[in-house]
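Engineer: What follows is a structure written as structure tokens; I'll ask about it next.
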Amino acid sequence: MIHIYTGNGKGKTTAALGLIIRALGNQKRVCLIQFMKKNFAYGEIKFLSQQRNIDIFQFGTDKLIDPENPAKIDFEEAEKAYQKAEQVIKSNKYDLVVIDEINVAIAWKLLPKEKQFYLMELKSDAEIVMTGRYASKEAIEKADLVTEMREIKHYFQKGVQARKGIEF
Ligand code: ATP
Ligand code: MG
């Protein structure tokens, strides 16, 4: 089954991480691939990288991407993340494959949308989760489960920045 967690509210990556914990608790094999993130200091990564049965691959840089004008390396890293996702899904080695922020990579045109569709159409027994804002209409149509996190309120609006242990 293919899940999409999208929308402008907080909780997309967190929901995927929750599913990872559930799968690991049931001795499932998990792969987490992250677009546009290069930081093993995130709390979730520090924790998960110590667990058995999970492989984690991050692609991107530690710099913010300008969606209007991404750097050459941002395209290269997105392509590498895609290649990894394709290889991982085709390997049939995992029960759960989470591809974090792929929807944003597509929306910002770091990756052609056809590549996401290709991943969705691969024959696989793995549960596949794709996260990130701005999931396209076509991706939503192809998925089996789509959840939209809708912002009703977010403390960012009153100036609260990302906090260790809560946002990362
Ligand atoms: P989380 O990782 O906390 O589950 P997310 O994956 O839903 O959040 P992203 O769209 O990936 O959110 O956002 C990246 C960062 O912005 C995260 O630190 C996230 O907590 C924060 N964030 C999420 N939603 C909002 C919002 N509506 N306003 C401001 N910041 C947000
Ligand atoms: Mg996220």
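Here's how to read the names in the structure tokens: chain A, B, ... by the order shown, residue numbers from 1 in each chain, ligand numbers from 1 in the order shown.
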At a cut-off of 6 Å and counting only C-alpha atoms and all ligand atoms, what residues surround ligand 2? Please answer as a ChimeraX atom specification.
Structural biologist: /A:12-13,101,132
Engineer: List as a PyMOL selection string the protein and nucleic acid residues near Met36 of chain A, meaning an atom at most 12 Å away when only C-alpha atoms are counted, but skip any in the same chain fewer than 5 places from it.
Structural biologist: chain A and resi 57-67+70-71+73-82+99-106+108+110-111+132
Engineer: I'd like to know which residues of chain A are strand (DSSP E) (by DSSP, run on the backbone); could you write them as an MDAnalysis selection string?
Structural biologist: chainID A and resid 2:6 30:34 54:58 96:100 127:131 145:148
Engineer: Return as JSON, numbers by chain every polymer residue, whether protein, DNA or RNA, with at least one atom no more than 9 Å from an atom of ligand 1; count only C-alpha atoms and all ligand atoms.
Structural biologist: {"A": [5, 6, 7, 8, 9, 10, 11, 12, 13, 14, 15, 16, 17, 100, 101, 104, 131, 132, 133, 149, 150, 151, 152, 153, 154, 155, 156, 157, 160, 161, 162, 163, 166, 167, 168]}
Engineer: Hey, can you check how far atom CA of Lys28 of chain A sits from atom CA of Asp95 of chain A?
Structural biologist: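 That distance, rounded to one decimal, is 5.8 Å.
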Engineer: Measuring atom to atom with only C-alpha atoms, identify which of A:Leu96, A:Lys37, A:Val30, A:Glu127 is nearest to Ser49 of chain A.
Structural biologist: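 Answer, going by the shortest atom-to-atom distance: A:Val30.
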Engineer: Write out as a list in words the residues lying within 6 Å of Leu32 of chain A, counting only C-alpha atoms and excluding same-chain residues fewer than 3 positions away.
Structural biologist: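 My reading of the contact set: Ile56, Val97 and Val98 of chain A.
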Engineer: Can I get the selected residues back with C-alpha atoms, as a JSON list (two decimals), in the first residue's frame?
Structural biologist:
[["chain", "number", "residue", "atom", "x", "y", "z"],
["A", 56, "ILE", "CA", 18.63, 5.37, 7.10],
["A", 97, "VAL", "CA", 9.97, 2.25, 3.06],
["A", 98, "VAL", "CA", 9.51, 5.86, 4.14]]
Engineer: Just how far from atom CA of Gln34 of chain A is atom CA of Lys84 of chain A, in Å to one decimal?
Structural biologist: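 Going from atom CA of Lys84 of chain A over to atom CA of Gln34 of chain A, I get 10.1 Å.
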Engineer: Find, counting only C-alpha atoms, the residue in A:Lys93, A:Gly159, A:Ile4, A:Gln83 that gets nearest to Ser136 of chain A.
Structural biologist: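 That would be A:Ile4, the residue with the smallest distance to Ser136 of chain A.
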Engineer: One decimal, in Å: what's the spacing between atom CA of Arg52 of chain A and atom CA of Leu145 of chain A?
Structural biologist: 27.3 Å
Engineer: Name all residues at most 12 Å from Lys46 of chain A (count only C-alpha atoms; drop same-chain ones fewer than 4 positions away) and give them as a PDB file with all heavy atoms, in the first residue's frame.
Structural biologist:
ATOM      1  N   ASN A  39      21.387  15.566   8.343  1.00  0.00           N
ATOM      2  CA  ASN A  39      21.689  15.883   9.730  1.00  0.00           C
ATOM      3  C   ASN A  39      21.355  14.679  10.612  1.00  0.00           C
ATOM      4  O   ASN A  39      20.193  14.419  10.896  1.00  0.00           O
ATOM      5  CB  ASN A  39      20.875  17.101  10.162  1.00  0.00           C
ATOM      6  CG  ASN A  39      21.409  17.686  11.432  1.00  0.00           C
ATOM      7  OD1 ASN A  39      22.097  17.005  12.192  1.00  0.00           O
ATOM      8  ND2 ASN A  39      21.110  18.948  11.679  1.00  0.00           N
ATOM      9  N   PHE A  40      22.425  14.004  11.036  1.00  0.00           N
ATOM     10  CA  PHE A  40      22.194  12.850  11.899  1.00  0.00           C
ATOM     11  C   PHE A  40      21.990  13.284  13.351  1.00  0.00           C
ATOM     12  O   PHE A  40      21.822  12.443  14.228  1.00  0.00           O
ATOM     13  CB  PHE A  40      23.329  11.825  11.753  1.00  0.00           C
ATOM     14  CG  PHE A  40      22.953  10.688  10.835  1.00  0.00           C
ATOM     15  CD1 PHE A  40      22.835  10.892   9.471  1.00  0.00           C
ATOM     16  CD2 PHE A  40      22.683   9.423  11.329  1.00  0.00           C
ATOM     17  CE1 PHE A  40      22.457   9.858   8.624  1.00  0.00           C
ATOM     18  CE2 PHE A  40      22.302   8.370  10.494  1.00  0.00           C
ATOM     19  CZ  PHE A  40      22.189   8.596   9.141  1.00  0.00           C
ATOM     20  N   ALA A  41      21.967  14.586  13.591  1.00  0.00           N
ATOM     21  CA  ALA A  41      21.773  15.072  14.965  1.00  0.00           C
ATOM     22  C   ALA A  41      20.296  15.234  15.312  1.00  0.00           C
ATOM     23  O   ALA A  41      19.956  15.552  16.444  1.00  0.00           O
ATOM     24  CB  ALA A  41      22.507  16.396  15.157  1.00  0.00           C
ATOM     25  N   TYR A  42      19.401  15.043  14.358  1.00  0.00           N
ATOM     26  CA  TYR A  42      17.973  15.082  14.699  1.00  0.00           C
ATOM     27  C   TYR A  42      17.682  13.994  15.734  1.00  0.00           C
ATOM     28  O   TYR A  42      18.184  12.872  15.619  1.00  0.00           O
ATOM     29  CB  TYR A  42      17.090  14.805  13.478  1.00  0.00           C
ATOM     30  CG  TYR A  42      17.092  15.874  12.417  1.00  0.00           C
ATOM     31  CD1 TYR A  42      17.147  15.533  11.062  1.00  0.00           C
ATOM     32  CD2 TYR A  42      17.001  17.227  12.751  1.00  0.00           C
ATOM     33  CE1 TYR A  42      17.128  16.504  10.079  1.00  0.00           C
ATOM     34  CE2 TYR A  42      16.983  18.203  11.766  1.00  0.00           C
ATOM     35  CZ  TYR A  42      17.046  17.834  10.434  1.00  0.00           C
ATOM     36  OH  TYR A  42      17.019  18.799   9.469  1.00  0.00           O
ATOM     37  N   GLN A  50      20.204   3.734  16.214  1.00  0.00           N
ATOM     38  CA  GLN A  50      20.686   2.738  17.189  1.00  0.00           C
ATOM     39  C   GLN A  50      19.846   1.462  17.171  1.00  0.00           C
ATOM     40  O   GLN A  50      20.162   0.506  17.889  1.00  0.00           O
ATOM     41  CB  GLN A  50      20.639   3.319  18.608  1.00  0.00           C
ATOM     42  CG  GLN A  50      21.652   4.423  18.832  1.00  0.00           C
ATOM     43  CD  GLN A  50      21.348   5.216  20.091  1.00  0.00           C
ATOM     44  OE1 GLN A  50      20.515   4.819  20.899  1.00  0.00           O
ATOM     45  NE2 GLN A  50      22.017   6.342  20.241  1.00  0.00           N
ATOM     46  N   GLN A  51      18.772   1.473  16.402  1.00  0.00           N
ATOM     47  CA  GLN A  51      17.882   0.307  16.403  1.00  0.00           C
ATOM     48  C   GLN A  51      18.319  -0.703  15.342  1.00  0.00           C
ATOM     49  O   GLN A  51      18.929  -0.329  14.338  1.00  0.00           O
ATOM     50  CB  GLN A  51      16.435   0.739  16.124  1.00  0.00           C
ATOM     51  CG  GLN A  51      15.922   1.824  17.042  1.00  0.00           C
ATOM     52  CD  GLN A  51      16.008   1.441  18.507  1.00  0.00           C
ATOM     53  OE1 GLN A  51      15.579   0.367  18.906  1.00  0.00           O
ATOM     54  NE2 GLN A  51      16.592   2.329  19.317  1.00  0.00           N
ATOM     55  N   ILE A  56      19.002   3.967   7.279  1.00  0.00           N
ATOM     56  CA  ILE A  56      18.634   5.371   7.097  1.00  0.00           C
ATOM     57  C   ILE A  56      19.586   6.007   6.085  1.00  0.00           C
ATOM     58  O   ILE A  56      20.804   5.873   6.201  1.00  0.00           O
ATOM     59  CB  ILE A  56      18.727   6.137   8.437  1.00  0.00           C
ATOM     60  CG1 ILE A  56      17.815   5.483   9.476  1.00  0.00           C
ATOM     61  CG2 ILE A  56      18.369   7.613   8.248  1.00  0.00           C
ATOM     62  CD1 ILE A  56      17.984   6.024  10.887  1.00  0.00           C
ATOM     63  N   GLY A 165      13.871  18.337  20.154  1.00  0.00           N
ATOM     64  CA  GLY A 165      13.029  17.388  20.887  1.00  0.00           C
ATOM     65  C   GLY A 165      11.559  17.490  20.529  1.00  0.00           C
ATOM     66  O   GLY A 165      10.771  16.612  20.881  1.00  0.00           O
ATOM     67  N   PHE A 168      12.718  18.705  15.981  1.00  0.00           N
ATOM     68  CA  PHE A 168      13.849  17.955  15.399  1.00  0.00           C
ATOM     69  C   PHE A 168      14.588  17.185  16.474  1.00  0.00           C
ATOM     70  O   PHE A 168      14.279  17.336  17.655  1.00  0.00           O
ATOM     71  CB  PHE A 168      14.806  18.891  14.648  1.00  0.00           C
ATOM     72  CG  PHE A 168      15.432  19.954  15.483  1.00  0.00           C
ATOM     73  CD1 PHE A 168      16.646  19.736  16.116  1.00  0.00           C
ATOM     74  CD2 PHE A 168      14.796  21.189  15.676  1.00  0.00           C
ATOM     75  CE1 PHE A 168      17.223  20.717  16.904  1.00  0.00           C
ATOM     76  CE2 PHE A 168      15.370  22.169  16.458  1.00  0.00           C
ATOM     77  CZ  PHE A 168      16.576  21.944  17.084  1.00  0.00           C
TER      78      PHE A 168
END
Engineer: Write down as a PyMOL selection string the residues belonging to segment 45-143 of chain A that are assigned alpha helix (DSSP H) by DSSP computed on the backbone.
Structural biologist: chain A and resi 45-48+72-91+102-107+113-121+137-142
